[in-house]
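This is data_3.txt (compact mmCIF, C-alpha atoms and all ligand atoms).
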# COMPACT_ATOMS: atom_id res chain seq x y z
CA MET A 1 -18.34 -63.74 -46.75
CA LYS A 2 -20.73 -60.86 -46.20
CA ASP A 3 -23.97 -61.99 -47.79
CA TYR A 4 -25.53 -64.79 -45.75
CA LYS A 5 -29.13 -64.80 -46.98
CA ASP A 6 -30.26 -68.26 -48.20
CA LYS A 7 -26.79 -69.75 -47.68
CA VAL A 8 -26.58 -73.17 -46.00
CA ALA A 9 -24.81 -73.66 -42.64
CA VAL A 10 -23.92 -76.90 -40.85
CA ILE A 11 -23.14 -76.67 -37.13
CA THR A 12 -21.93 -79.59 -34.99
CA GLY A 13 -22.53 -79.60 -31.23
CA ALA A 14 -25.50 -77.34 -31.99
CA ALA A 15 -27.85 -78.53 -29.23
CA SER A 16 -26.11 -76.50 -26.52
CA GLY A 17 -23.81 -73.60 -25.69
CA ILE A 18 -21.66 -72.02 -28.39
CA GLY A 19 -22.97 -74.28 -31.19
CA ARG A 20 -26.57 -73.41 -30.45
CA ALA A 21 -25.78 -69.68 -30.31
CA ILE A 22 -24.03 -69.90 -33.70
CA ALA A 23 -26.96 -71.85 -35.17
CA GLU A 24 -29.44 -69.23 -33.94
CA ARG A 25 -27.30 -66.42 -35.36
CA CYS A 26 -27.11 -68.26 -38.72
CA ALA A 27 -30.91 -68.47 -38.77
CA GLN A 28 -31.24 -64.77 -37.87
CA GLU A 29 -28.98 -63.99 -40.85
CA GLY A 30 -31.53 -65.74 -43.11
CA MET A 31 -29.53 -68.92 -43.61
CA LYS A 32 -30.83 -72.47 -43.94
CA VAL A 33 -29.42 -74.37 -41.02
CA VAL A 34 -28.47 -78.01 -40.39
CA ILE A 35 -27.88 -78.69 -36.70
CA ALA A 36 -25.97 -81.80 -35.64
CA ASP A 37 -25.50 -83.21 -32.15
CA ILE A 38 -25.14 -86.52 -30.35
CA GLU A 39 -27.72 -85.52 -27.68
CA LYS A 40 -30.96 -86.52 -29.39
CA GLU A 41 -33.52 -84.93 -27.07
CA ALA A 42 -31.63 -81.61 -26.73
CA LEU A 43 -31.27 -81.50 -30.53
CA ARG A 44 -34.98 -82.13 -31.07
CA LYS A 45 -35.84 -79.38 -28.59
CA THR A 46 -33.38 -76.94 -30.21
CA ALA A 47 -34.85 -77.59 -33.67
CA LYS A 48 -38.39 -77.15 -32.35
CA GLU A 49 -37.56 -73.84 -30.65
CA MET A 50 -35.64 -72.53 -33.65
CA LYS A 51 -38.50 -73.45 -36.00
CA ALA A 52 -40.96 -71.69 -33.67
CA ALA A 53 -38.76 -68.59 -34.00
CA GLY A 54 -39.07 -68.82 -37.81
CA ALA A 55 -35.83 -70.66 -38.70
CA GLN A 56 -35.41 -73.12 -41.57
CA VAL A 57 -33.67 -75.94 -39.71
CA VAL A 58 -32.93 -79.64 -40.18
CA PRO A 59 -31.70 -81.60 -37.13
CA VAL A 60 -29.42 -84.60 -37.75
CA VAL A 61 -28.37 -86.80 -34.83
CA THR A 62 -24.64 -87.19 -35.37
CA ASP A 63 -21.66 -88.55 -33.47
CA VAL A 64 -18.83 -86.51 -35.03
CA SER A 65 -16.25 -89.05 -33.88
CA LYS A 66 -17.73 -91.47 -36.45
CA ASN A 67 -16.88 -90.86 -40.09
CA ARG A 68 -20.05 -92.56 -41.31
CA ASP A 69 -22.18 -90.23 -39.18
CA VAL A 70 -20.48 -87.16 -40.67
CA GLU A 71 -20.93 -88.58 -44.20
CA ARG A 72 -24.60 -89.05 -43.39
CA LEU A 73 -24.75 -85.47 -42.11
CA ALA A 74 -23.38 -84.22 -45.44
CA LYS A 75 -25.86 -86.34 -47.38
CA ARG A 76 -28.79 -85.06 -45.30
CA THR A 77 -27.56 -81.48 -45.86
CA LEU A 78 -27.35 -81.89 -49.64
CA ASP A 79 -30.68 -83.77 -49.78
CA ALA A 80 -32.39 -80.98 -47.83
CA TYR A 81 -30.75 -77.88 -49.30
CA GLY A 82 -28.57 -78.94 -52.28
CA SER A 83 -25.37 -77.17 -51.13
CA VAL A 84 -23.30 -76.10 -48.12
CA HIS A 85 -21.52 -72.78 -47.54
CA LEU A 86 -20.63 -72.58 -43.88
CA LEU A 87 -19.33 -75.40 -41.69
CA PHE A 88 -18.79 -75.06 -37.95
CA ASN A 89 -16.78 -77.98 -36.54
CA ASN A 90 -17.73 -77.12 -33.00
CA ALA A 91 -18.70 -80.25 -31.00
CA GLY A 92 -16.35 -80.75 -28.07
CA VAL A 93 -16.00 -82.49 -24.70
CA THR A 94 -13.65 -82.39 -21.73
CA THR A 95 -12.63 -84.60 -18.83
CA GLY A 96 -9.59 -86.18 -17.22
CA THR A 97 -6.95 -85.68 -14.60
CA VAL A 98 -3.16 -85.40 -14.83
CA ILE A 99 -2.11 -86.92 -18.12
CA TRP A 100 -0.47 -90.08 -16.78
CA GLU A 101 -3.54 -90.96 -14.71
CA SER A 102 -6.18 -90.19 -17.36
CA THR A 103 -7.60 -93.44 -18.67
CA LEU A 104 -7.34 -94.79 -22.21
CA ALA A 105 -11.10 -94.30 -22.48
CA ASP A 106 -10.64 -90.59 -21.59
CA TRP A 107 -7.98 -90.22 -24.31
CA LYS A 108 -10.07 -92.04 -26.91
CA TRP A 109 -13.22 -90.07 -26.13
CA LEU A 110 -11.62 -86.60 -26.25
CA LEU A 111 -9.43 -87.31 -29.26
CA GLY A 112 -12.46 -88.88 -30.98
CA VAL A 113 -14.81 -85.91 -30.54
CA ASN A 114 -12.48 -82.89 -30.46
CA LEU A 115 -9.86 -83.94 -33.01
CA TRP A 116 -11.35 -86.73 -35.15
CA GLY A 117 -14.67 -84.87 -35.22
CA THR A 118 -12.91 -81.90 -36.83
CA ILE A 119 -10.90 -84.14 -39.16
CA HIS A 120 -14.09 -85.90 -40.33
CA GLY A 121 -15.79 -82.55 -40.92
CA ILE A 122 -12.89 -81.37 -43.07
CA ARG A 123 -12.47 -84.64 -45.01
CA VAL A 124 -16.18 -84.92 -45.78
CA PHE A 125 -17.18 -81.29 -46.45
CA VAL A 126 -14.11 -79.71 -48.10
CA PRO A 127 -14.36 -81.86 -51.27
CA ILE A 128 -18.07 -80.93 -51.54
CA MET A 129 -17.24 -77.22 -51.17
CA LEU A 130 -14.38 -77.43 -53.68
CA LYS A 131 -16.66 -79.10 -56.22
CA GLN A 132 -19.34 -76.47 -55.64
CA ASP A 133 -16.73 -73.75 -56.32
CA THR A 134 -18.74 -71.09 -54.44
CA GLU A 135 -17.73 -68.81 -51.58
CA CYS A 136 -17.54 -70.94 -48.40
CA HIS A 137 -16.19 -70.61 -44.85
CA ILE A 138 -15.15 -73.21 -42.26
CA VAL A 139 -14.84 -72.35 -38.56
CA ASN A 140 -13.16 -74.89 -36.28
CA THR A 141 -13.66 -74.45 -32.54
CA ALA A 142 -10.37 -74.79 -30.66
CA SER A 143 -9.87 -72.89 -27.35
CA MET A 144 -7.52 -70.52 -25.52
CA ALA A 145 -6.15 -73.86 -24.28
CA ALA A 146 -4.58 -74.18 -27.75
CA LEU A 147 -2.42 -71.11 -27.13
CA ILE A 148 -1.34 -71.15 -23.52
CA SER A 149 0.48 -73.55 -21.22
CA TYR A 150 -0.59 -74.55 -17.70
CA PRO A 151 -1.13 -77.65 -15.53
CA GLY A 152 -4.44 -79.56 -15.83
CA ARG A 153 -6.94 -80.48 -18.59
CA GLY A 154 -4.06 -82.17 -20.44
CA ILE A 155 -5.96 -84.27 -22.96
CA TYR A 156 -8.28 -81.37 -23.79
CA THR A 157 -5.28 -79.10 -24.34
CA VAL A 158 -3.62 -81.66 -26.61
CA THR A 159 -6.77 -81.95 -28.75
CA LYS A 160 -7.17 -78.17 -29.01
CA HIS A 161 -3.52 -77.65 -30.00
CA ALA A 162 -4.14 -80.23 -32.72
CA VAL A 163 -7.30 -78.43 -33.90
CA LEU A 164 -5.32 -75.18 -34.13
CA ALA A 165 -2.57 -76.85 -36.19
CA LEU A 166 -5.16 -78.56 -38.39
CA SER A 167 -6.92 -75.24 -38.99
CA GLU A 168 -3.68 -73.42 -39.87
CA LYS A 169 -2.72 -76.19 -42.32
CA LEU A 170 -6.19 -76.09 -43.85
CA TYR A 171 -5.94 -72.31 -44.23
CA HIS A 172 -2.52 -72.53 -45.90
CA GLU A 173 -3.39 -75.39 -48.24
CA LEU A 174 -6.68 -73.87 -49.40
CA SER A 175 -5.07 -70.42 -49.88
CA TRP A 176 -2.16 -72.03 -51.77
CA GLN A 177 -4.49 -73.47 -54.37
CA GLY A 178 -6.65 -70.32 -54.55
CA ALA A 179 -9.79 -72.08 -53.31
CA LYS A 180 -12.89 -70.02 -52.49
CA ILE A 181 -13.06 -71.64 -49.03
CA LYS A 182 -12.00 -69.40 -46.14
CA VAL A 183 -11.02 -70.75 -42.72
CA SER A 184 -11.15 -69.44 -39.14
CA VAL A 185 -10.28 -70.95 -35.79
CA LEU A 186 -12.30 -70.01 -32.71
CA LEU A 187 -10.18 -69.60 -29.56
CA PRO A 188 -12.48 -68.77 -26.63
CA GLY A 189 -11.59 -68.43 -22.95
CA SER A 190 -14.37 -69.22 -20.48
CA VAL A 191 -17.88 -69.27 -21.93
CA ASN A 192 -21.01 -70.00 -19.88
CA THR A 193 -22.06 -73.39 -21.34
CA LYS A 194 -22.57 -77.00 -20.23
CA ILE A 195 -19.12 -78.28 -21.26
CA TRP A 196 -18.17 -79.05 -17.67
CA ASP A 197 -21.01 -81.62 -17.75
CA ALA A 198 -19.75 -83.14 -21.01
CA ASP A 199 -20.00 -86.60 -19.43
CA ARG A 200 -23.75 -86.44 -20.04
CA ASN A 201 -23.04 -87.49 -23.64
CA ARG A 202 -20.19 -89.91 -23.12
CA PRO A 203 -20.89 -93.07 -25.15
CA SER A 204 -21.31 -96.27 -23.13
CA ALA A 205 -18.42 -97.93 -25.00
CA LEU A 206 -16.06 -95.22 -23.69
CA GLN A 207 -17.21 -95.12 -20.07
CA ASN A 208 -14.38 -95.59 -17.59
CA ASP A 209 -13.98 -98.88 -15.80
CA PRO A 210 -14.14 -97.69 -12.15
CA ARG A 211 -11.08 -99.87 -11.42
CA ASP A 212 -9.02 -97.68 -13.80
CA VAL A 213 -10.04 -94.36 -12.28
CA LYS A 214 -7.66 -92.80 -9.75
CA GLU A 215 -9.18 -90.47 -7.16
CA LEU A 216 -8.53 -86.80 -7.97
CA SER A 217 -6.06 -85.14 -5.61
CA PRO A 218 -7.56 -82.34 -3.47
CA GLY A 219 -5.49 -79.86 -5.50
CA TYR A 220 -6.89 -81.12 -8.81
CA GLN A 221 -10.42 -81.07 -7.40
CA ALA A 222 -9.90 -77.43 -6.36
CA VAL A 223 -8.62 -76.55 -9.83
CA ASN A 224 -11.69 -78.21 -11.37
CA GLU A 225 -13.93 -76.19 -9.08
CA MET A 226 -12.14 -73.00 -10.18
CA GLY A 227 -12.71 -74.02 -13.81
CA ARG A 228 -16.42 -74.60 -13.22
CA LEU A 229 -16.80 -71.22 -11.51
CA ALA A 230 -14.88 -69.52 -14.33
CA LEU A 231 -17.35 -71.01 -16.85
CA GLU A 232 -20.35 -69.84 -14.83
CA SER A 233 -19.05 -66.28 -14.96
CA GLY A 234 -17.84 -66.68 -18.55
CA LEU A 235 -19.02 -64.92 -21.70
CA PRO A 236 -22.59 -65.59 -22.85
CA PRO A 237 -22.47 -67.89 -25.92
CA ARG A 238 -24.36 -65.27 -27.98
CA GLN A 239 -21.41 -62.91 -27.60
CA VAL A 240 -19.09 -65.62 -28.95
CA ALA A 241 -21.42 -66.03 -31.96
CA ASP A 242 -21.15 -62.26 -32.57
CA CYS A 243 -17.33 -62.52 -32.62
CA VAL A 244 -17.56 -65.47 -35.02
CA PHE A 245 -19.77 -63.60 -37.49
CA GLU A 246 -17.61 -60.49 -37.32
CA ALA A 247 -14.58 -62.67 -38.17
CA ILE A 248 -16.36 -64.40 -41.08
CA SER A 249 -17.44 -61.02 -42.49
CA LYS A 250 -13.87 -59.70 -42.26
CA ASP A 251 -12.23 -62.99 -43.37
CA LYS A 252 -10.27 -63.11 -40.12
CA PHE A 253 -8.52 -66.41 -39.23
CA TYR A 254 -7.85 -66.17 -35.48
CA ILE A 255 -11.02 -65.46 -33.47
CA ILE A 256 -9.96 -64.33 -30.00
CA THR A 257 -13.02 -63.71 -27.85
CA HIS A 258 -11.07 -62.91 -24.65
CA PRO A 259 -8.38 -60.35 -25.65
CA GLU A 260 -7.52 -59.88 -21.96
CA MET A 261 -5.83 -63.31 -22.13
CA LYS A 262 -3.33 -62.26 -24.82
CA PRO A 263 -0.57 -61.56 -22.23
CA LEU A 264 -0.64 -65.30 -21.36
CA LEU A 265 -0.01 -66.14 -25.00
CA GLN A 266 2.81 -63.58 -25.03
CA LEU A 267 4.29 -65.21 -21.91
CA ARG A 268 4.39 -68.60 -23.61
CA ALA A 269 5.84 -67.17 -26.82
CA ASP A 270 8.54 -65.44 -24.74
CA ASP A 271 9.31 -68.72 -22.91
CA ILE A 272 9.88 -70.42 -26.26
CA LEU A 273 11.78 -67.58 -27.93
CA GLN A 274 14.03 -67.09 -24.92
CA GLU A 275 14.39 -70.90 -24.50
CA ARG A 276 13.22 -70.66 -20.87
CA ASN A 277 11.26 -73.43 -19.18
CA PRO A 278 7.42 -73.13 -19.31
CA THR A 279 5.93 -70.53 -16.94
CA ASN A 280 2.64 -71.44 -15.25
CA PRO A 281 0.60 -68.26 -15.67
CA PHE A 282 -1.85 -69.43 -13.00
CA ALA A 283 0.82 -70.31 -10.40
CA ASP A 284 -0.47 -67.71 -7.91
CA LEU A 285 -4.00 -69.15 -8.12
CA MET A 286 -3.06 -72.85 -7.95
CA PRO A 287 -3.82 -74.69 -4.70
CA PRO A 288 -1.22 -77.16 -3.40
CA TRP A 289 -1.41 -80.59 -5.10
CA LYS A 290 -2.16 -82.52 -1.88
N1 LIG A 301 -17.34 -73.24 -22.76
C1 LIG A 301 -16.08 -72.82 -22.81
O1 LIG A 301 -15.59 -72.13 -21.89
C2 LIG A 301 -15.22 -73.16 -23.99
C3 LIG A 301 -13.97 -72.54 -24.10
C4 LIG A 301 -13.16 -72.84 -25.19
C5 LIG A 301 -13.61 -73.72 -26.16
N2 LIG A 301 -14.82 -74.32 -26.03
C6 LIG A 301 -15.24 -75.26 -27.07
O2 LIG A 301 -16.50 -74.87 -27.57
C7 LIG A 301 -17.12 -76.01 -28.19
C8 LIG A 301 -18.58 -76.09 -27.76
O3 LIG A 301 -18.64 -76.41 -26.39
P1 LIG A 301 -19.63 -75.66 -25.37
O4 LIG A 301 -18.77 -74.94 -24.40
O5 LIG A 301 -20.69 -74.96 -26.09
O6 LIG A 301 -20.19 -76.94 -24.56
P2 LIG A 301 -21.66 -77.61 -24.49
O7 LIG A 301 -21.47 -78.86 -23.71
O8 LIG A 301 -22.64 -76.63 -24.01
O9 LIG A 301 -21.94 -77.97 -26.03
C9 LIG A 301 -21.22 -78.99 -26.68
C10 LIG A 301 -22.17 -79.78 -27.57
O10 LIG A 301 -21.41 -80.82 -28.25
C11 LIG A 301 -22.22 -81.99 -28.25
N3 LIG A 301 -21.41 -83.20 -28.45
C12 LIG A 301 -20.67 -83.87 -27.54
N4 LIG A 301 -20.15 -84.98 -28.08
C13 LIG A 301 -20.55 -85.00 -29.39
C14 LIG A 301 -20.33 -85.90 -30.46
N5 LIG A 301 -19.59 -87.01 -30.31
N6 LIG A 301 -20.89 -85.62 -31.65
C15 LIG A 301 -21.68 -84.52 -31.80
N7 LIG A 301 -21.94 -83.65 -30.81
C16 LIG A 301 -21.37 -83.89 -29.62
C17 LIG A 301 -22.92 -81.96 -26.90
O11 LIG A 301 -24.06 -82.81 -26.89
C18 LIG A 301 -23.26 -80.49 -26.76
O12 LIG A 301 -24.55 -80.20 -27.28
C19 LIG A 301 -16.28 -77.21 -27.79
O13 LIG A 301 -15.44 -77.58 -28.86
C20 LIG A 301 -15.45 -76.68 -26.63
O14 LIG A 301 -14.24 -77.38 -26.49
C21 LIG A 301 -15.64 -74.06 -24.97

Could you express the structure from this file as structure tokens?
Amino acid sequence: MKDYKDKVAVITGAASGIGRAIAERCAQEGMKVVIADIEKEALRKTAKEMKAAGAQVVPVVTDVSKNRDVERLAKRTLDAYGSVHLLFNNAGVTTGTVIWESTLADWKWLLGVNLWGTIHGIRVFVPIMLKQDTECHIVNTASMAALISYPGRGIYTVTKHAVLALSEKLYHELSWQGAKIKVSVLLPGSVNTKIWDADRNRPSALQNDPRDVKELSPGYQAVNEMGRLALESGLPPRQVADCVFEAISKDKFYIITHPEMKPLLQLRADDILQERNPTNPFADLMPPWK
């Protein structure tokens, strides 16, 4: 897609970070924008600021882990603008410790937002786009964590691998039937956003029972601290939005915003192809577990 003017874009997780930067870029391109997020006040503020900057924007409070919310989002989009051309399944959260100590609530929350959120977006919006039979594009936000292998952030990594597989299947199945819907998957490394504070939007029904939560080992705490610092010095979200729009314009599937991380992907591919056991690319940086 090269001509964006007056097209309609829906962005989930649009009240912060990467989603907000994509929404602002959509508006700058002259698109009509529907922004969806679970964080009501941040969404209201985003819509207000975007409108003040001249954007045509409709905010819809949405929990992407709930199918009925995503159906409502589609209805509000069609009621407001009559069609949809770009969909960004972007909302995402992270938490947890080593996989056997992460709680069931952690698993349900991350799978619900990161994976089911993307599934709901696809199930609800693809039939609308197919019926429309116009040029469309879907971008699913995965992560570099979908491509590389290392200890920590296990649930998050599982969900992002699933989003990558889902996106590849979607690409193949839409191409196979000659649909006018293009697909991309966004695979960022560290970006300076609020994802490390994802707990701010954790639903009360999925809060951890303190009795289930094991204390993080000093090693895991140190790894978390490294992750937080990496985010703070990560790419500005606006730069990620630039990469996304370049990919949409060129109909590029894999959106790699941190090309310097490609050797880690190569390392994993070599492990698999040579049938060697997984190499931890961060081994030199990892503190001792205890
Ligand atoms: N920041 C990074 O370094 C990084 C790297 C790779 C991938 N990502 C991915 O980018 C995406 C955006 O995250 P971000 O880094 O901008 O974080 P962020 O926390 O700044 O933004 C995420 C947004 O998603 C919203 N959200 C959370 N749960 C939701 C739900 N159930 N329904 C709807 N909205 C919900 C939050 O309210 C927030 O506004 C996520 O999918 C994340 O996994 C981020």

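Rounded to one decimal, atom CA of Arg68 of chain A and atom N2 of ligand LIG 301 (chain A) lie 24.4 Å from each other.
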
Residue neighbourhood segment 41-58 of chain A, 8 Å, all atoms listed in the file, exclusion window fewer than 4 positions, as a list in words: Ala14, Ala15, Ser16, Arg20, Glu24, Ala27, Gln28, Gly30, Met31, Lys32, Val33, Val34, Ile35, Ala36, Asp37 and Ala80 of chain A

Neighbour list for Ile99 of chain A as a PyMOL selection string, cut-off 7 Å, all atoms listed in the file, skip fewer than 2 positions in-chain: chain A and resi 97+101-102+154-155

Residue nearest Tyr171 of chain A among A:Thr257, A:Thr12, A:Ser249, A:Asn140 (counting all atoms listed in the file): A:Asn140

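The shortest atom-to-atom distance to ligand LIG 301 (chain A), with all atoms listed in the file taken into account, belongs to A:Tyr156 out of A:Phe282, A:Trp176, A:Tyr156, A:Phe125.
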
Close residues, Asp106 of chain A itself excluded, 9 Å, all atoms listed in the file, min 2 positions apart in chain, as a PyMOL selection string: chain A and resi 94-96+102-104+108-111+155+206-208

Dump as a tab-separated table the rows for residues of chain A within 6 Å of ligand LIG 301 (chain A): closest atom pair and distance in Å with one decimal, all atoms listed in the file counted, ordered by chain and rising residue number.
residue	atom	partner	partner_atom	distance
A:Thr12	CA	A:LIG301	N7	5.8
A:Gly13	CA	A:LIG301	O10	3.4
A:Ala14	CA	A:LIG301	O12	5.6
A:Ala15	CA	A:LIG301	O12	4.2
A:Ser16	CA	A:LIG301	O12	4.1
A:Gly17	CA	A:LIG301	O5	3.4
A:Ile18	CA	A:LIG301	O5	3.9
A:Gly19	CA	A:LIG301	O5	5.6
A:Asp37	CA	A:LIG301	N7	3.8
A:Ile38	CA	A:LIG301	C15	4.3
A:Glu39	CA	A:LIG301	O11	4.6
A:Thr62	CA	A:LIG301	C15	5.4
A:Asp63	CA	A:LIG301	N6	3.5
A:Val64	CA	A:LIG301	N6	4.1
A:Ser65	CA	A:LIG301	N5	5.3
A:Asn90	CA	A:LIG301	O13	4.8
A:Ala91	CA	A:LIG301	O10	3.9
A:Gly92	CA	A:LIG301	O13	3.4
A:Val93	CA	A:LIG301	C12	5.6
A:Val113	CA	A:LIG301	N5	4.9
A:Thr141	CA	A:LIG301	O13	5.1
A:Ala142	CA	A:LIG301	C5	5.6
A:Ser143	CA	A:LIG301	C4	3.9
A:Pro188	CA	A:LIG301	C4	4.4
A:Gly189	CA	A:LIG301	C3	4.9
A:Ser190	CA	A:LIG301	O1	3.5
A:Val191	CA	A:LIG301	O1	3.7
A:Asn192	CA	A:LIG301	N1	5.7
A:Thr193	CA	A:LIG301	O8	4.2
A:Lys194	CA	A:LIG301	O8	3.8
A:Ile195	CA	A:LIG301	O7	3.4
A:Ala198	CA	A:LIG301	O7	5.3
A:Asn201	CA	A:LIG301	O11	5.8
A:Leu231	CA	A:LIG301	O1	5.5

Residues within 7 Å of (-10.9, -66.5, -31.9), counting all atoms listed in the file, listed as a PyMOL selection string: chain A and resi 185-188+254-257

Lys7 of chain A environment, 10 Å, only C-alpha atoms, sequence neighbours closer than 2 positions dropped, as a PyMOL selection string: chain A and resi 3-5+9+26-27+29-33+81+83-86+135-136

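Atom CA of Arg228 of chain A to atom CA of Trp196 of chain A spans 6.5 Å [interatomic distance, one decimal].
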
Pairwise distance for atom CA of His161 of chain A and atom CA of Ile119 of chain A, rounded to one decimal in Å: 13.4 Å

Mind giving me the axis-aligned box for segment 62-73 of chain A with 4 Å on every side, centre plus edges in Å to one decimal, as lines of an AutoDock Vina configuration file?
center_x = -20.5
center_y = -89.0
center_z = -38.8
size_x = 16.5
size_y = 15.1
size_z = 18.7

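Among A:Leu273, A:Ala179, A:Thr159, A:Lys214, the residue with the shortest atom-to-atom distance to Trp100 of chain A, counting all atoms listed in the file, is A:Lys214.
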
Please identify all polymer residues within 10 Å of Leu265 of chain A, counting all atoms listed in the file, omitting same-chain residues fewer than 6 positions from it, and present them as a short mmCIF file (atom, residue, chain, number, x, y, z; two decimals) with C-alpha atoms, in the frame of the given file.
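Result written to out18.cif:
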data_model
loop_
_atom_site.label_atom_id
_atom_site.label_comp_id
_atom_site.auth_asym_id
_atom_site.auth_seq_id
_atom_site.Cartn_x
_atom_site.Cartn_y
_atom_site.Cartn_z
CA MET A 144 -7.52 -70.52 -25.52
CA ALA A 145 -6.15 -73.86 -24.28
CA ALA A 146 -4.58 -74.18 -27.75
CA LEU A 147 -2.42 -71.11 -27.13
CA ILE A 148 -1.34 -71.15 -23.52
CA SER A 149 0.48 -73.55 -21.22
CA ASP A 271 9.31 -68.72 -22.91
CA PRO A 281 0.60 -68.26 -15.67
#

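Candidate residues A:Ser217, A:Pro127, A:Asp197, A:Glu246 were compared for distance to Leu174 of chain A, and the nearest is A:Pro127, using all atoms listed in the file.
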
Per residue of segment 91-153 of chain A within 12 Å of segment 74-79 of chain A, note the shortest atom pair and the distance in Å to one decimal, counting all atoms listed in the file, and order the rows by chain and increasing residue number, as a tab-separated table.
residue	atom	partner	partner_atom	distance
A:His120	CA	A:Ala74	CA	10.7
A:Gly121	CA	A:Ala74	CA	9.0
A:Ile122	CA	A:Ala74	CA	11.1
A:Arg123	CA	A:Ala74	CA	10.9
A:Val124	CA	A:Ala74	CA	7.2
A:Phe125	CA	A:Ala74	CA	6.9
A:Val126	CA	A:Ala74	CA	10.6
A:Pro127	CA	A:Ala74	CA	11.0
A:Ile128	CA	A:Ala74	CA	8.7
A:Met129	CA	A:Ala74	CA	10.9
A:Gln132	CA	A:Leu78	CA	11.4
